[in-house]
Each structure stands twice: as structure tokens, then as C-alpha cells.
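A.B. asks: Got a file for you: final-v4.txt, compact mmCIF, C-alpha atoms.
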```txt
# COMPACT_ATOMS: atom_id res chain seq x y z
CA MET A 18 7.02 41.78 84.67
CA THR A 19 6.95 45.58 84.99
CA ASP A 20 5.31 47.64 82.31
CA ALA A 21 8.10 49.84 80.91
CA ARG A 22 5.70 51.88 78.81
CA PRO A 23 5.00 55.44 79.94
CA ALA A 24 2.08 55.66 82.36
CA PRO A 25 -0.43 57.49 80.08
CA LEU A 26 0.16 54.92 77.32
CA SER A 27 0.01 51.99 79.68
CA ARG A 28 -3.24 53.18 81.25
CA LEU A 29 -4.79 53.76 77.83
CA LEU A 30 -3.88 50.33 76.50
CA ASN A 31 -5.00 48.57 79.68
CA ALA A 32 -8.35 50.39 80.02
CA GLU A 33 -11.28 48.07 79.37
CA GLU A 34 -14.41 50.10 80.05
CA PRO A 35 -15.39 52.54 77.25
CA SER A 36 -15.71 55.43 79.69
CA ALA A 37 -12.33 54.67 81.27
CA ARG A 38 -10.82 54.38 77.81
CA GLU A 39 -12.21 57.80 76.86
CA ALA A 40 -10.69 59.34 79.98
CA CYS A 41 -7.36 57.61 79.35
CA TRP A 42 -7.34 58.77 75.73
CA ALA A 43 -7.89 62.35 76.93
CA ASP A 44 -4.96 61.91 79.33
CA PHE A 45 -2.76 60.50 76.58
CA VAL A 46 -3.60 63.40 74.24
CA SER A 47 -2.94 65.86 77.03
CA ALA A 48 0.47 64.28 77.68
CA TYR A 49 1.61 64.12 74.06
CA SER A 50 -0.38 66.75 72.14
CA ARG A 51 2.44 69.32 72.27
CA LEU A 52 4.91 66.87 70.84
CA ILE A 53 2.56 65.72 68.06
CA LEU A 54 1.62 69.31 67.27
CA HIS A 55 5.31 70.16 67.06
CA VAL A 56 5.78 67.39 64.47
CA ALA A 57 2.72 68.52 62.50
CA ARG A 58 4.00 72.11 62.40
CA GLU A 59 7.51 71.08 61.37
CA MET A 60 6.14 69.44 58.23
CA GLY A 61 5.46 72.92 56.81
CA GLY A 62 2.43 74.79 55.55
CA GLU A 63 0.00 77.14 57.22
CA HIS A 64 -1.63 76.79 60.62
CA ASP A 65 -4.74 75.07 59.21
CA ALA A 66 -2.64 72.54 57.32
CA ALA A 67 -0.67 71.75 60.48
CA MET A 68 -3.87 71.33 62.48
CA ASP A 69 -5.24 68.99 59.77
CA ARG A 70 -2.14 66.84 60.08
CA TYR A 71 -2.31 66.92 63.87
CA ALA A 72 -5.93 65.70 63.76
CA PHE A 73 -4.99 63.02 61.21
CA VAL A 74 -2.17 61.72 63.43
CA LEU A 75 -4.46 61.49 66.47
CA GLU A 76 -7.14 59.76 64.39
CA GLN A 77 -4.63 57.21 63.09
CA LEU A 78 -3.15 56.58 66.53
CA ARG A 79 -6.60 55.84 67.91
CA ARG A 80 -7.74 53.76 64.95
CA ASP A 81 -8.43 50.01 65.34
CA ASP A 82 -8.27 50.09 69.11
CA CYS A 83 -4.96 52.02 69.10
CA ARG A 84 -3.30 49.40 66.89
CA ARG A 85 -0.24 51.58 66.20
CA LEU A 86 0.27 52.44 69.85
CA ARG A 87 -0.07 48.77 70.78
CA SER A 88 2.76 47.98 68.36
CA TYR A 89 5.20 50.02 70.43
CA VAL A 90 7.60 47.71 72.24
CA ALA A 91 9.42 49.17 75.23
CA ASP A 92 12.63 47.27 74.51
CA GLY A 93 14.92 49.97 75.92
CA ARG A 94 16.32 50.94 72.52
CA SER A 95 14.49 54.27 72.48
CA GLU A 96 12.10 56.33 74.53
CA PHE A 97 8.42 56.31 73.68
CA SER A 98 8.56 60.01 72.77
CA THR A 99 11.27 59.30 70.15
CA TRP A 100 9.22 56.47 68.67
CA LEU A 101 6.11 58.66 68.70
CA VAL A 102 7.89 61.45 66.81
CA VAL A 103 9.04 59.01 64.11
CA VAL A 104 5.56 57.49 63.78
CA ALA A 105 3.90 60.94 63.74
CA GLN A 106 6.30 62.11 61.02
CA ARG A 107 5.44 59.10 58.89
CA LEU A 108 1.73 59.65 59.42
CA CYS A 109 2.12 63.31 58.44
CA ARG A 110 3.88 62.17 55.29
CA ASP A 111 1.02 59.75 54.55
CA HIS A 112 -1.35 62.67 55.00
CA LEU A 113 0.64 64.82 52.59
CA ARG A 114 0.74 62.02 50.04
CA HIS A 115 -2.97 61.41 50.45
CA ARG A 116 -3.66 65.07 49.88
CA TYR A 117 -1.16 66.03 47.21
CA GLY A 118 -0.26 62.73 45.57
CA ARG A 119 3.14 61.10 45.16
CA MET A 120 6.15 63.33 45.05
CA ARG A 121 7.83 63.30 41.69
CA HIS A 122 11.27 61.84 41.32
CA PRO A 123 14.16 64.26 40.79
CA GLU A 124 14.40 63.57 37.06
CA SER A 125 10.93 64.98 36.53
CA ASP A 126 11.16 67.78 39.08
CA PRO A 127 13.33 70.72 37.95
CA ALA A 128 13.34 72.35 41.39
CA THR A 129 14.60 69.21 43.11
CA TYR A 130 17.06 68.63 40.30
CA ASP A 131 18.45 72.15 40.80
CA ASP A 132 18.82 71.48 44.53
CA GLU A 133 20.77 68.32 43.85
CA TRP A 134 22.88 70.07 41.25
CA ALA A 135 23.64 72.86 43.73
CA ALA A 136 24.55 70.31 46.42
CA ARG A 137 26.95 68.50 44.10
CA ARG A 138 28.46 71.79 43.05
CA ARG A 139 29.03 72.79 46.69
CA LEU A 140 30.73 69.47 47.24
CA VAL A 141 32.96 69.86 44.19
CA ASP A 142 33.79 73.42 45.31
CA LEU A 143 34.88 72.08 48.67
CA ILE A 144 36.94 69.27 47.24
CA GLY A 145 39.29 71.83 45.82
CA ALA A 146 40.95 73.86 43.18
CA GLU A 147 42.08 70.90 41.09
CA VAL A 148 38.62 70.87 39.57
CA ASP A 149 37.93 73.51 36.96
CA LEU A 150 35.34 75.45 38.89
CA SER A 151 34.64 77.84 36.01
CA SER A 152 33.20 74.92 34.11
CA LEU A 153 30.66 74.51 36.89
CA SER A 154 29.35 78.06 36.72
CA ASP A 155 25.68 78.68 36.07
CA GLU A 156 26.48 80.33 32.73
CA GLY A 157 28.33 77.25 31.59
CA ARG A 158 25.36 74.95 31.92
CA ASP A 159 24.08 75.67 28.42
CA ASP A 160 27.45 75.34 26.70
CA PRO A 161 27.82 71.77 25.27
CA GLU A 162 31.55 71.55 26.00
CA SER A 163 31.08 72.70 29.59
CA THR A 164 28.12 70.38 30.00
CA VAL A 165 30.26 67.40 28.98
CA ARG A 166 33.05 68.51 31.34
CA VAL A 167 30.61 68.97 34.22
CA ALA A 168 29.10 65.56 33.48
CA ASP A 169 32.61 64.04 33.61
CA VAL A 170 33.32 65.68 36.96
CA TYR A 171 30.00 64.57 38.41
CA SER A 172 30.38 61.07 37.07
CA ALA A 173 33.84 60.84 38.67
CA LEU A 174 32.39 62.26 41.87
CA GLU A 175 29.58 59.70 41.94
CA PHE A 176 32.17 56.95 41.44
CA ALA A 177 34.36 58.33 44.24
CA LEU A 178 31.37 58.67 46.57
CA ALA A 179 30.33 55.08 45.88
CA GLU A 180 33.77 53.94 47.03
CA LEU A 181 33.27 55.49 50.49
CA GLU A 182 31.97 53.58 53.49
CA GLY A 183 28.26 53.96 54.22
CA ARG A 184 28.77 56.19 57.24
CA ASP A 185 31.03 58.56 55.29
CA ARG A 186 28.57 58.72 52.40
CA LEU A 187 25.84 59.52 54.90
CA LEU A 188 28.03 62.25 56.39
CA ILE A 189 28.39 63.82 52.92
CA LYS A 190 24.68 63.48 52.12
CA LEU A 191 23.57 65.04 55.40
CA ARG A 192 26.04 67.91 55.15
CA TYR A 193 25.94 68.84 51.48
CA GLU A 194 22.66 67.51 50.17
CA ASP A 195 20.42 68.10 53.16
CA ASP A 196 22.31 71.10 54.63
CA VAL A 197 22.15 69.67 58.16
CA PRO A 198 24.31 71.72 60.59
CA MET A 199 27.45 69.92 61.74
CA PRO A 200 26.51 69.69 65.44
CA GLU A 201 23.36 67.82 64.38
CA VAL A 202 25.30 65.62 61.98
CA ALA A 203 27.75 64.81 64.78
CA GLY A 204 24.93 63.83 67.14
CA LEU A 205 23.16 61.72 64.55
CA LEU A 206 26.25 59.80 63.47
CA GLY A 207 27.42 59.30 67.05
CA PHE A 208 30.61 61.39 66.99
CA PRO A 209 31.71 62.29 70.55
CA THR A 210 31.88 66.00 69.66
CA ARG A 211 31.34 68.22 66.64
CA PHE A 212 35.12 68.56 66.37
CA HIS A 213 35.38 64.86 65.60
CA ALA A 214 32.74 65.20 62.90
CA TYR A 215 34.56 68.16 61.31
CA ARG A 216 37.81 66.22 61.36
CA ARG A 217 36.19 63.18 59.74
CA LEU A 218 34.55 65.38 57.10
CA LYS A 219 37.92 66.93 56.28
CA ASP A 220 39.43 63.45 55.87
CA VAL A 221 36.56 62.32 53.63
CA LEU A 222 36.86 65.42 51.43
CA SER A 223 40.60 64.78 51.11
CA ALA A 224 39.89 61.18 50.11
CA LEU A 225 37.38 62.37 47.50
CA ARG A 226 39.90 64.88 46.16
CA ARG A 227 42.52 62.15 45.78
CA ALA A 228 39.97 59.86 44.09
CA LEU A 229 39.11 62.61 41.58
CA GLU A 230 42.79 63.25 40.91
CA ARG A 231 43.29 59.54 40.22
CA GLN A 232 40.54 59.81 37.63
CA GLY A 233 42.35 62.70 35.96
CA ILE A 234 39.88 65.37 36.95
CA GLU A 235 42.67 67.93 37.47
CA GLU A 236 43.04 67.85 33.66
CA ALA A 237 39.50 69.12 33.20
CA ALA A 238 40.74 72.71 32.97
CA PRO A 239 40.68 74.14 29.43
CA MET B 25 18.38 57.03 42.97
CA ASP B 26 16.97 58.47 46.17
CA LEU B 27 13.80 56.93 47.55
CA ASP B 28 11.22 59.50 48.51
CA PHE B 29 7.66 60.18 49.59
CA GLY B 30 6.07 58.06 46.91
CA ASP B 31 7.68 54.79 47.87
CA ASP B 32 5.92 52.07 49.76
CA LEU B 33 6.61 52.11 53.50
CA SER B 34 7.68 48.45 53.30
CA ASP B 35 10.80 49.69 51.50
CA HIS B 36 11.79 51.61 54.63
CA PRO B 37 13.08 50.56 58.06
CA LEU B 38 10.65 49.98 60.92
CA SER B 39 9.78 52.99 63.08
CA GLU B 40 11.41 51.18 66.03
CA GLU B 41 14.72 51.02 64.15
CA LEU B 42 14.61 54.68 63.13
CA ALA B 43 13.72 55.64 66.70
CA ALA B 44 16.63 53.57 68.06
CA TYR B 45 18.94 55.27 65.55
CA VAL B 46 17.72 58.71 66.60
CA HIS B 47 18.20 57.65 70.22
CA GLY B 48 21.75 56.49 69.46
CA THR B 49 21.17 52.92 70.63
CA LEU B 50 21.13 51.10 67.30
CA ALA B 51 24.44 49.28 67.12
CA GLY B 52 26.49 46.90 65.03
CA ALA B 53 25.22 45.47 61.76
CA SER B 54 21.73 46.92 62.21
CA ARG B 55 23.21 50.41 62.38
CA GLY B 56 25.28 49.79 59.24
CA VAL B 57 22.27 48.49 57.30
CA LEU B 58 20.17 51.47 58.38
CA GLU B 59 22.90 53.95 57.44
CA GLU B 60 23.15 52.34 53.98
CA HIS B 61 19.40 52.91 53.64
CA LEU B 62 19.71 56.51 54.83
CA VAL B 63 22.35 57.20 52.17
CA ARG B 64 19.83 56.53 49.41
CA CYS B 65 16.59 57.53 51.16
CA ARG B 66 16.01 61.23 51.50
CA ALA B 67 12.66 60.74 53.28
CA CYS B 68 14.18 58.67 56.10
CA ARG B 69 17.15 61.05 56.37
CA ARG B 70 14.67 63.86 56.79
CA ASP B 71 12.80 61.80 59.41
CA VAL B 72 15.86 61.16 61.57
CA THR B 73 17.29 64.68 61.36
CA LEU B 74 13.92 66.32 61.98
CA ALA B 75 13.09 63.90 64.81
CA ARG B 76 16.31 64.78 66.63
CA ARG B 77 15.66 68.48 66.15
CA ILE B 78 12.04 68.23 67.33
CA LEU B 79 12.98 66.22 70.41
CA ARG B 80 15.79 68.61 71.33
CA GLN B 81 13.55 71.66 70.96
CA HIS B 82 10.73 69.96 72.80
CA ARG B 83 12.99 69.05 75.71
CA ALA B 84 14.38 72.57 75.86
CA ARG B 85 10.86 73.97 76.07
CA ASN B 86 9.66 71.37 78.58
CA PRO B 87 12.68 70.83 80.82
CA ARG B 88 10.78 69.67 83.88
CA ARG B 89 9.71 66.38 82.33
CA PHE B 90 13.34 65.54 81.69
CA LEU B 91 14.69 66.51 85.09
CA VAL B 92 14.42 62.97 86.43
CA PRO B 93 16.86 61.40 83.92
CA ALA B 94 19.09 64.50 84.17
CA ALA B 95 19.14 64.25 87.96
CA ALA B 96 19.91 60.52 87.70
CA ALA B 97 22.82 61.27 85.39
CA VAL B 98 24.20 63.91 87.77
CA LEU B 99 23.79 61.55 90.72
CA ALA B 100 25.57 58.77 88.83
CA PHE B 101 28.38 61.18 88.01
CA ILE B 102 28.78 62.19 91.67
CA VAL B 103 28.80 58.54 92.80
CA PHE B 104 31.21 57.33 90.11
CA SER B 105 33.55 60.31 90.39
CA ARG B 106 34.14 59.43 94.07
CA LEU B 107 35.19 55.89 93.28
CA PRO B 108 38.98 55.42 93.36
CA SER B 109 40.52 55.01 89.94
CA ARG B 110 43.94 54.83 88.38
CA ALA B 111 44.92 58.23 86.97
CA PRO B 112 46.50 57.77 83.54
CA GLY B 113 49.51 59.85 82.51
CA VAL B 114 49.08 62.71 80.10
CA GLU B 115 50.82 60.91 77.24
CA GLU B 116 48.67 57.86 77.77
CA ARG B 117 45.58 60.07 77.83
CA MET B 118 46.60 61.84 74.64
CA ARG B 119 47.14 58.54 72.89
CA SER B 120 43.69 57.32 73.86
CA GLY B 121 41.91 59.15 71.01
CA GLU B 122 38.19 59.02 70.26
CA GLY B 123 37.65 55.68 71.94
CA ALA B 124 38.47 57.20 75.30
CA VAL B 125 35.60 59.62 75.06
CA SER B 126 33.05 56.96 74.32
CA SER B 127 34.40 54.43 76.80
CA GLY B 128 32.66 56.08 79.75
CA ALA B 129 35.98 56.91 81.48
CA PRO B 130 37.28 59.91 79.61
CA PRO B 131 40.66 61.29 80.65
CA ALA B 132 40.40 64.50 82.64
CA ILE B 133 41.66 68.05 82.24
CA GLN B 134 42.27 69.61 85.65
CA VAL B 135 39.95 72.45 86.58
CA VAL B 136 41.24 75.59 88.33
CA SER B 137 38.07 77.61 88.82
CA PRO B 138 35.27 77.65 89.63
CA ALA B 139 36.16 74.58 91.68
CA ASN B 140 33.75 71.67 91.54
CA GLY B 141 30.94 72.23 94.05
CA SER B 142 31.94 75.82 94.81
CA THR B 143 29.65 78.84 95.10
CA VAL B 144 30.38 81.89 93.01
CA GLY B 145 29.48 85.41 94.02
CA PRO B 146 27.87 88.09 91.91
CA GLY B 147 29.97 89.48 89.11
CA PRO B 148 31.65 88.02 86.06
CA VAL B 149 32.44 84.30 86.11
CA ALA B 150 35.76 83.21 84.63
CA PHE B 151 36.33 79.55 83.80
CA THR B 152 39.93 78.39 84.05
CA TRP B 153 41.61 75.02 83.60
CA LYS B 154 45.14 73.69 83.40
CA SER B 155 46.78 73.49 80.01
CA GLN B 156 47.67 70.19 78.40
CA PRO B 157 50.67 69.53 76.21
CA GLY B 158 50.29 70.07 72.48
CA GLN B 159 48.20 72.42 70.40
CA LEU B 160 44.68 71.94 71.68
CA LEU B 161 41.37 73.52 70.84
CA TYR B 162 39.15 73.71 73.92
CA GLN B 163 35.37 73.91 73.89
CA LEU B 164 33.49 75.00 77.00
CA SER B 165 29.80 74.24 77.47
CA LEU B 166 27.68 75.66 80.27
CA THR B 167 24.34 74.06 81.10
CA ASP B 168 21.68 74.67 83.70
CA GLY B 169 20.35 72.08 86.15
CA GLY B 170 17.88 70.84 83.54
CA GLY B 171 20.66 70.06 81.06
CA ARG B 172 19.84 73.03 78.79
CA GLU B 173 22.93 74.49 77.16
CA LEU B 174 23.19 78.19 78.06
CA TRP B 175 26.47 79.03 76.41
CA SER B 176 29.38 77.43 74.63
CA SER B 177 32.60 78.84 73.27
CA ARG B 178 35.93 77.69 71.85
CA THR B 179 39.44 78.83 72.60
CA THR B 180 43.06 77.75 72.36
CA ASP B 181 43.65 79.53 75.70
CA THR B 182 42.91 77.98 79.13
CA THR B 183 40.44 80.55 80.33
CA LEU B 184 37.11 81.93 79.17
CA SER B 185 34.87 84.56 80.75
CA LEU B 186 31.14 84.30 80.72
CA PRO B 187 29.82 87.06 78.45
CA VAL B 188 27.49 89.62 79.99
CA SER B 189 24.75 88.51 77.60
CA VAL B 190 24.50 85.23 79.56
CA SER B 191 23.01 85.90 82.97
CA LEU B 192 23.03 83.36 85.79
CA GLU B 193 20.20 83.30 88.29
CA ARG B 194 20.95 83.59 92.00
CA GLY B 195 20.83 80.45 94.13
CA ARG B 196 21.01 78.06 91.16
CA THR B 197 23.27 75.17 90.27
CA TYR B 198 25.05 75.09 86.92
CA PHE B 199 27.29 72.58 85.18
CA TRP B 200 30.23 73.20 82.88
CA THR B 201 32.50 71.00 80.82
CA VAL B 202 35.63 71.64 78.81
CA ASP B 203 36.44 69.25 75.98
CA ALA B 204 39.77 69.49 74.21
CA LEU B 205 40.68 68.18 70.81
CA ALA B 206 44.28 67.58 69.80
CA ALA B 207 45.62 67.76 66.26
CA ASP B 208 45.79 63.97 66.04
CA GLY B 209 42.11 63.59 66.96
CA ALA B 210 42.72 62.60 70.60
CA SER B 211 40.36 64.22 73.06
CA LEU B 212 40.32 65.14 76.74
CA THR B 213 37.62 66.40 79.03
CA THR B 214 37.15 67.97 82.46
CA ARG B 215 33.97 65.90 82.88
CA ALA B 216 30.97 67.82 84.24
CA GLN B 217 31.87 70.42 86.88
CA ARG B 218 29.25 71.88 89.20
CA PHE B 219 29.02 75.31 90.77
CA SER B 220 26.26 77.31 92.42
CA THR B 221 25.49 80.97 92.40
CA ALA B 222 25.17 82.82 95.70
CA ARG B 223 21.65 83.66 96.90
```
Take the structure in the file and give it back as C-alpha cells.

C.D. replies:
Amino acid sequence: MTDARPAPLSRLLNAEEPSAREACWADFVSAYSRLILHVAREMGGEHDAAMDRYAFVLEQLRRDDCRRLRSYVADGRSEFSTWLVVVAQRLCRDHLRHRYGRMRHPESDPATYDDEWAARRRLVDLIGAEVDLSSLSDEGRDDPESTVRVADVYSALEFALAELEGRDRLLIKLRYEDDVPMPEVAGLLGFPTRFHAYRRLKDVLSALRRALERQGIEEAAP
Amino acid sequence: MDLDFGDDLSDHPLSEELAAYVHGTLAGASRGVLEEHLVRCRACRRDVTLARRILRQHRARNPRRFLVPAAAAVLAFIVFSRLPSRAPGVEERMRSGEGAVSSGAPPAIQVVSPANGSTVGPGPVAFTWKSQPGQLLYQLSLTDGGGRELWSSRTTDTTLSLPVSVSLERGRTYFWTVDALAADGASLTTRAQRFSTAR
């Protein structure tokens, strides 16, 4: 059976002599260091922090006789570089967690909560004029009546979102919660072109608008 | 509630599954299950979006390593495009919708210039194709031999000129494609067209 793994990986995992293994490890690092460094940098922070993460990823990949690398199965579903990026991202996240502790959940993190609130507001804005947008203004957040109205709108929105198919909910999450550009969303969700993704998004927003109308949200205006 | 950094990795899909999703090869029920997870897991959503971005940027910066698969794709296109096939009528093509694009045999828009395989001289390059019935939005993409997108633009017309800000090197081969989207979601394409620049 042919070894479908990339040559530097295959040589590394097949090397038996310590000296040969050292040389193969150096080759592997040389082949993939730019990619791993790219991942480490994308996780944010200063140069030193990125280099720390880069070193951590290499250390973990080499640990226990390259246990993680040995777990890669060349089954044709993805390229090794794609798998390596995913694994490196997860290792970088482990490193962050190790260093800074667990990330707090949105309820206890005002900054994250504000992001989510802003994302939901953007979504409601896009769904249309039937919703009383003035009740969603920043000033209105402290007014009890507005707060109740906003909570009603968001509750109806959550209900409407839950009714969507998984792929459509993911489309909404990627676009409005994570701010992923549409060409990237299209590629990720497997749309043939970005036009198809835009068209689907328009349909989903229309469906959400109708769902809100059915729940009487157009009567939210004072 | 969204899962995030603090959750145990056993709550998340295997790296192989995420990689297959990023690669676009995860299909059927597995894809559905993973997408359900992505809806409620911000960390994994971030992983798949960032992984795609990193890989795209990395390939753009290191095109040579990806020339072999790109060359294989171009070769396959040349071989398959010379095989005889039944040419569907325009109405049939317009009815084919999204499925036609992903079926591997997309219906074609006829190219006027530059003709496939032609050599263009110095000076502005104008891309022209034949119009199709209905209100269509066309998107043109121009890529170099390594598959790197150099320019793309949209129009409802059937011609676009390469802007002066995009310069083509002499003696190089380039590829261009026009995709069209109709109001009902149906799509058409020219498939990849090749031209070279004079030395």
C-alpha cells in the first residue's frame, strides 16, 4: 500500500535511528514552520506571544514520539496541511487556556455580551422596518419599557432562529455574529459562488421577518 | 448557549472532521451534525473560518507548492473539454439552477474574446462574451497560472476591460472565468478560459 502522507511526515514517522529522526524532524519543521507560525500569529498578541505559541505547538507535535502526528490518517478527506492548521489552532487555544485560564461565558463577560447584543441588533436591523428599531437604540437600554420590548423582540428572534435548518442558522451566525465576509461564508458552506450565498441569506432574512410578523412583532411600535 | 474555550475538547468534533469540513469533503449526515455543532460552538466556528483564511493566505504566498494540483486541474480541464458532449439548449441550461454548477458539467456561456488559447498583445485587455437571455449578473475572475486571483469584477453588461491597476506580465499564461447568476438562482459559466501574453 502506498503511503499517502506527505514525504516529510512519512520520513519522520518511519525514521528509526535517533540521528535520522533528528534530521527528519528538522526537515519536517522546515517544511511546515511557516504554516504553523502563521497559525500562531493569527491567534493574536505580540510577537513574543506568537513565538511562545509556535514553540508550544512544535513541542506538542513532537511529544510522545510524535503521537499527534501519528494520529493523522491520510483518508483523502483533507490535505495534511489543513489537518495541521486545525490541530495547531487547537494547540494554540490550549496554550492560551493554560496561560490565561478558562474564558468566561457571555453572561459573566460584559464585553462579549455587548458583542452578542450588537450582533443581534444588526440582525434585527436587517430583518426590517416592521420591528421598532427605536426601541433597540443604545439610549433605550436603561428604560424598563424599552428593555421589555427589546427582550420580546430578541425572544421572538431566538424562537425564529431555532426554527431554521442548521445550515441556515450557521449562515446567520457566521455573517452576523462572527462578521465573516460573505465570500468566506460561501466557501465554507459550499455555495457554488458568493451570489448563491447572498441569495440564500436574503431568503433566510425574509423567512425570519415573516416569523417575527407571525409572532406580532410589528406591533412592538409604541 | 455557545460553547467556548473553556469546554473540554471531547465536547468538540475530531480534528479530522473539522479539517474535512474546511476542505469541503465532509458530506451527508456527518456534515449536518458538524454544522449543528458549529451553530452553538463559537470556538469551532472560529477554527474553521480562520483555518480557511490561513490556508488561502498561505497558498497565495507560497504558490509554487500548489502548482502541481493546479496544473493537474488545468490538464484535466483541457482533456475533458475536448471530449464530445451534448450541448444543452439555453432554456434547459437556465432551468438547471445551482445543481448544474456543482455537477461538474456546468452549462457554458460562449466566449468572444480573448479566445481560448489565444495570445494577446500589449495594451488593454477587454473580456467579452455572448449575452444570455434574461437579466443576468456576470462575475469575471482572472487568475494567474498558480491559481491566484488577480482581479474580479461584476457587471450586467457582456464586456469588461482589465483596469490599468492590474498589470499582466509578458510571456505568461492566465485564466479567466465568467459566472452568471439569473434572478431565479440559476447559474451559467464560461468554464476556465486560457490566454497568454505576448513575449

A.B. asks: Give me, as a ChimeraX atom specification, all polymer residues having an atom no more than 9 Å from Met60 of chain A, counting all atoms listed in the file and skipping those fewer than 5 positions away in the same chain.

C.D. replies: /A:55,67,70,106,109-110

A.B. asks: Which residue, A:Glu59, A:Asp81, A:Glu34, A:Glu180, has the smallest gap to chain B when you use only C-alpha atoms?

C.D. replies: A:Glu59

A.B. asks: What is the distance, in Å and to one decimal place, between atom CA of Glu201 of chain A and atom CA of Thr152 of chain B?

C.D. replies: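 Calculated distance between atom CA of Glu201 of chain A and atom CA of Thr152 of chain B is 27.8 Å.
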
A.B. asks: Rank nothing, just name the residue among B:Val136, B:Ala43, B:Val63, B:Leu58 nearest to Leu187 of chain A, using all atoms listed in the file.

C.D. replies: B:Val63

A.B. asks: In Å, with one decimal, what is the gap from atom CA of Trp175 of chain B to atom CA of Met199 of chain A?

C.D. replies: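 Distance reported for this atom pair: 17.3 Å.
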
A.B. asks: Name the residues in contact with Ser88 of chain A at a cut-off of 12 Å, using all atoms listed in the file, excluding same-chain residues fewer than 3 positions from it; report them as a list in words.

C.D. replies: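 So, after excluding close chain neighbours, the residues are Arg22, Leu26, Leu30, Leu78, Asp81, Asp82, Cys83, Arg84, Arg85, Ala91, Asp92, Phe97, Trp100, Leu101 and Val104 of chain A; Leu38, Ser39 and Glu40 of chain B.
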
A.B. asks: Let me make sure I understand: among B:Arg69, B:Ala204, B:Arg196, B:Thr221, which one has the smallest atom-to-atom distance to Pro138 of chain B if we use all atoms listed in the file?

C.D. replies: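 Ranking B:Arg69, B:Ala204, B:Arg196, B:Thr221 by distance to Pro138 of chain B, first place goes to B:Thr221.
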
A.B. asks: Any idea what the distance is between atom CA of Val170 of chain A and atom CA of Ile234 of chain A?

C.D. replies: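 Between atom CA of Val170 of chain A and atom CA of Ile234 of chain A the gap is 6.6 Å.
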